[in-house]
Structures are given as structure tokens and as C-alpha cells.
Amino acid sequence: FEFGMEEYMKVMDQAARAAGELIRTAHCTRNNVGMIETKSSHADLVTECDRASQNLIFSILKSHFPSHLLLGEEQEHSTQHILTESPTFIVDPIDGTTNFVHGLSDISVCIALSINYEIHIGVVYNPIIDTMYSAIRGCGAFRNNIQIHSSLCTELSKAVVCTEFGSVRDNIEGVTRMCDTVFTLLSKGKVRAMRMLGSGALDLCYVADGSLDVVYAGVGGEGWKVWDYAAASVIVLEAGGYLSTLSGDKFDAHLSQNV
């Protein structure tokens with residue numbers, strides 16, 4: 001690699017914390033978040049702070065790694081198949097924008113490094129509670145520099161399961177499938193509890209540290225985008241967790257998939 005993994009991690013940590021400070025300042029109440037716009041639906045939000053966070057992260061990364069590619073959620077004309085063999089930073093400047101707008105605390109800044117279609121480094125930072133999840137491929141996963149491990153739970157009846165409904169609203173069949181899945185898991189007594197926390201990246205990090213046992217998404221056809229899971233995916237795997245598609249196929253981080 002052109003640069004050492006530790007050098008990458010240092011700059012990615014710096015960028016996530018800098019963006020986190022910007023987000024934390026604007027988070028105090030829902031009246032401080034600036035202009036709020038919608039994207040694919042009335043439930044798919046973007047704020048001035050999303051764009052400012054992404055611009056700040058891009059600026060820091062570009063200053064250290066000028067030849068690397070940048071892929072961010074708030075870029076115009078972002079596509080899901082832009083990843084190449086070239087080193088690429090994948091950025092979600094605020095994962096959990098609806099939580100951010102409403103003053104809730106499950107919010108994260110996500111930065112991943114992809115090389116040769118594989119995620120080698122991921123950082124997921126919650127600036128509201130100053131918690132940093134991080135992992136380098138092959139070196140374990142950490143929360144605030146303390147190594148973490150996924151849950152040892154193997155029985156669904158003892159599991160805390162998390163999902164997200166995302167911004168899908170006009171696909172009635174999809175919404176019905178999402179609701180039916182929750183109904184089945186609860187009514188059949190198959191799970192201990194269910195949660196919906198509002199940040200898919202943090203959901204995966206909670207699996208990595210054992211707080212949650214299972215996370216799933218995509219039942220309604222609302223498959224996550226690469227910036228939603230890229231950083232957290234390597235953290236889960238390095239913590240001993242397992243990732244697959246809903247059909248059980250191998251999970252490829254460079255594709256938009258259910259998980």
C-alpha cells in the first residue's frame with residue numbers, strides 16, 4: 001500500500017472527530033440544524049450540516065491523500081458502482097440524519113477506506129457521546145481504543161434484534177413486508193426484544209461490541225447503500241461478527257445490498 005494502515009487510521013480518526021465537533025455544536029436542539037431538505041422521499045432528509053460535515057471530511061482527507069478517490073452520500077450523482085481497485089474513502093457525514101434533526105443521540109460519522117474492492121479500515125464516531133468505533137483489517141475492532149467482541153448468543157429467543165425501516169414509504173408491498181417481519185419475530189416469541197435506533201452504522205457497531213445480537217435490513221427492498229455499512233462492516237468482522245445477505249449469500253461491501 002502507498003501509505004501505512006496506521007497513518008490512514010490517524011487521519012480518518014482526525015477527520016471524523018473534526019466533523020463530529022461541527023455536528024455536536026449544531027445538535028443541541030432541532031432548531032439549530034439549519035436548512036432541512038428532502039431527497040428520495042419526505043422521510044429521506046439532508047441538512048446543511050450533512051453537507052458541511054462531508055466537505056470538512058473531504059478537505060482533511062484530500063490534504064493528506066490527494067490522489068485517493070472520495071465517495072460521499074451527499075455528493076451529487078453518487079452511484080453505487082463507482083468503487084474501483086483504486087484507494088477510495090467512503091464517507092457518510094451524518095448517519096442518522098433524522099435523529100440529528102430531532103435531537104436524538106444515535107448519530108454517527110462514518111469513514112471507510114476501500115482498496116481493491118475490499119474495506120481495509122473503518123471508523124464510526126458518535127460525537128454526541130464521544131464514542132469512536134474503529135478497525136483495521138486483520139487487527140481487531142475497538143471502541144475508544146478498547147478491544148471489543150461480538151455477542152456469543154446463538155439462540156434467537158435470547159437475542160436482541162435491531163432493524164431499520166429507512167425512508168421507504170411509497171412501496172406498499174415493501175412496507176408491509178417490513179411490518180410483517182417484525183410482527184412474526186415478536187408474535188411467535190422468537191426474539192427477546194427488538195429495537196429500531198435510527199443509525200444503521202451504529203446498529204452494526206452495537207453488534208460488534210455485543211450490545212445487540214442481530215441487525216437486519218432490506219426486507220422491504222430498501223437495501224443499504226455502501227456508505228451506510230462500509231465503515232461498520234469491517235468493525236463487525238474484526239469483532240468476530242458475521243455478515244451475509246438476507247438470502248445467506250456472501251456479503252460484498254462494494255455492492256448495495258440487504259444485510
# chains A, B, ... in the order shown; residues from 1 in each chain; ligands from 1
call {"tool": "residues_around", "arguments": {"residues": "Ala201 (chain A)", "least_positions_apart": "4", "cutoff": "10 Å", "atoms": "only C-alpha atoms", "output": "list of chain:residue names"}}
result
A:Asp92, A:Asp95, A:Gly96, A:Asp106, A:Ile107, A:Ser108, A:Val109, A:Cys110, A:Val123, A:Val124, A:Tyr125, A:Cys205, A:Tyr206, A:Trp227, A:Asp228, A:Tyr229, A:Ala230, A:Ala231, A:Ala232, A:Ser233, A:Ile235
call {"tool": "residues_around", "arguments": {"residues": "Thr84 (chain A)", "least_positions_apart": "2", "cutoff": "8 Å", "atoms": "only C-alpha atoms", "output": "number ranges by chain"}}
result
A: 82, 86-88, 115-117
call {"tool": "closest_residue", "arguments": {"among": "A:Gly241, A:Gly4, A:Gly248, A:Gly220", "to": "Ile148 (chain A)", "atoms": "only C-alpha atoms"}}
result
A:Gly241
call {"tool": "residues_around", "arguments": {"residues": "Asn171 (chain A)", "least_positions_apart": "3", "cutoff": "9 Å", "atoms": "only C-alpha atoms", "output": "PDB file with N, CA, C and O atoms, in the first residue's frame"}}
result
ATOM      1  N   VAL A 168     -38.266   4.268   3.034  1.00  0.00           N
ATOM      2  CA  VAL A 168     -39.248   3.693   2.107  1.00  0.00           C
ATOM      3  C   VAL A 168     -40.660   4.005   2.599  1.00  0.00           C
ATOM      4  O   VAL A 168     -41.015   3.684   3.735  1.00  0.00           O
ATOM      5  N   GLY A 174     -43.353  -3.314   0.107  1.00  0.00           N
ATOM      6  CA  GLY A 174     -42.132  -3.313   0.919  1.00  0.00           C
ATOM      7  C   GLY A 174     -42.410  -2.973   2.364  1.00  0.00           C
ATOM      8  O   GLY A 174     -41.899  -3.625   3.282  1.00  0.00           O
ATOM      9  N   VAL A 175     -43.218  -1.932   2.586  1.00  0.00           N
ATOM     10  CA  VAL A 175     -43.569  -1.539   3.949  1.00  0.00           C
ATOM     11  C   VAL A 175     -44.311  -2.675   4.661  1.00  0.00           C
ATOM     12  O   VAL A 175     -44.067  -2.974   5.828  1.00  0.00           O
ATOM     13  N   THR A 176     -45.190  -3.331   3.940  1.00  0.00           N
ATOM     14  CA  THR A 176     -45.940  -4.454   4.518  1.00  0.00           C
ATOM     15  C   THR A 176     -45.003  -5.586   4.919  1.00  0.00           C
ATOM     16  O   THR A 176     -45.148  -6.178   6.002  1.00  0.00           O
ATOM     17  N   GLY A 220     -37.813  -4.938   2.923  1.00  0.00           N
ATOM     18  CA  GLY A 220     -38.755  -4.202   2.082  1.00  0.00           C
ATOM     19  C   GLY A 220     -38.162  -3.712   0.784  1.00  0.00           C
ATOM     20  O   GLY A 220     -38.763  -2.891   0.090  1.00  0.00           O
ATOM     21  N   GLY A 221     -36.963  -4.203   0.448  1.00  0.00           N
ATOM     22  CA  GLY A 221     -36.307  -3.758  -0.775  1.00  0.00           C
ATOM     23  C   GLY A 221     -35.540  -2.472  -0.610  1.00  0.00           C
ATOM     24  O   GLY A 221     -35.142  -1.837  -1.588  1.00  0.00           O
TER      25      GLY A 221
END
call {"tool": "select_by_dssp", "arguments": {"residues": "region 35-152 of chain A", "states": "strand (DSSP E or B)", "output": "MDAnalysis selection string"}}
result
chainID A and resid 36:38 45:47 69:72 88:95 108:115 118:126 131:136 141:143 146:148
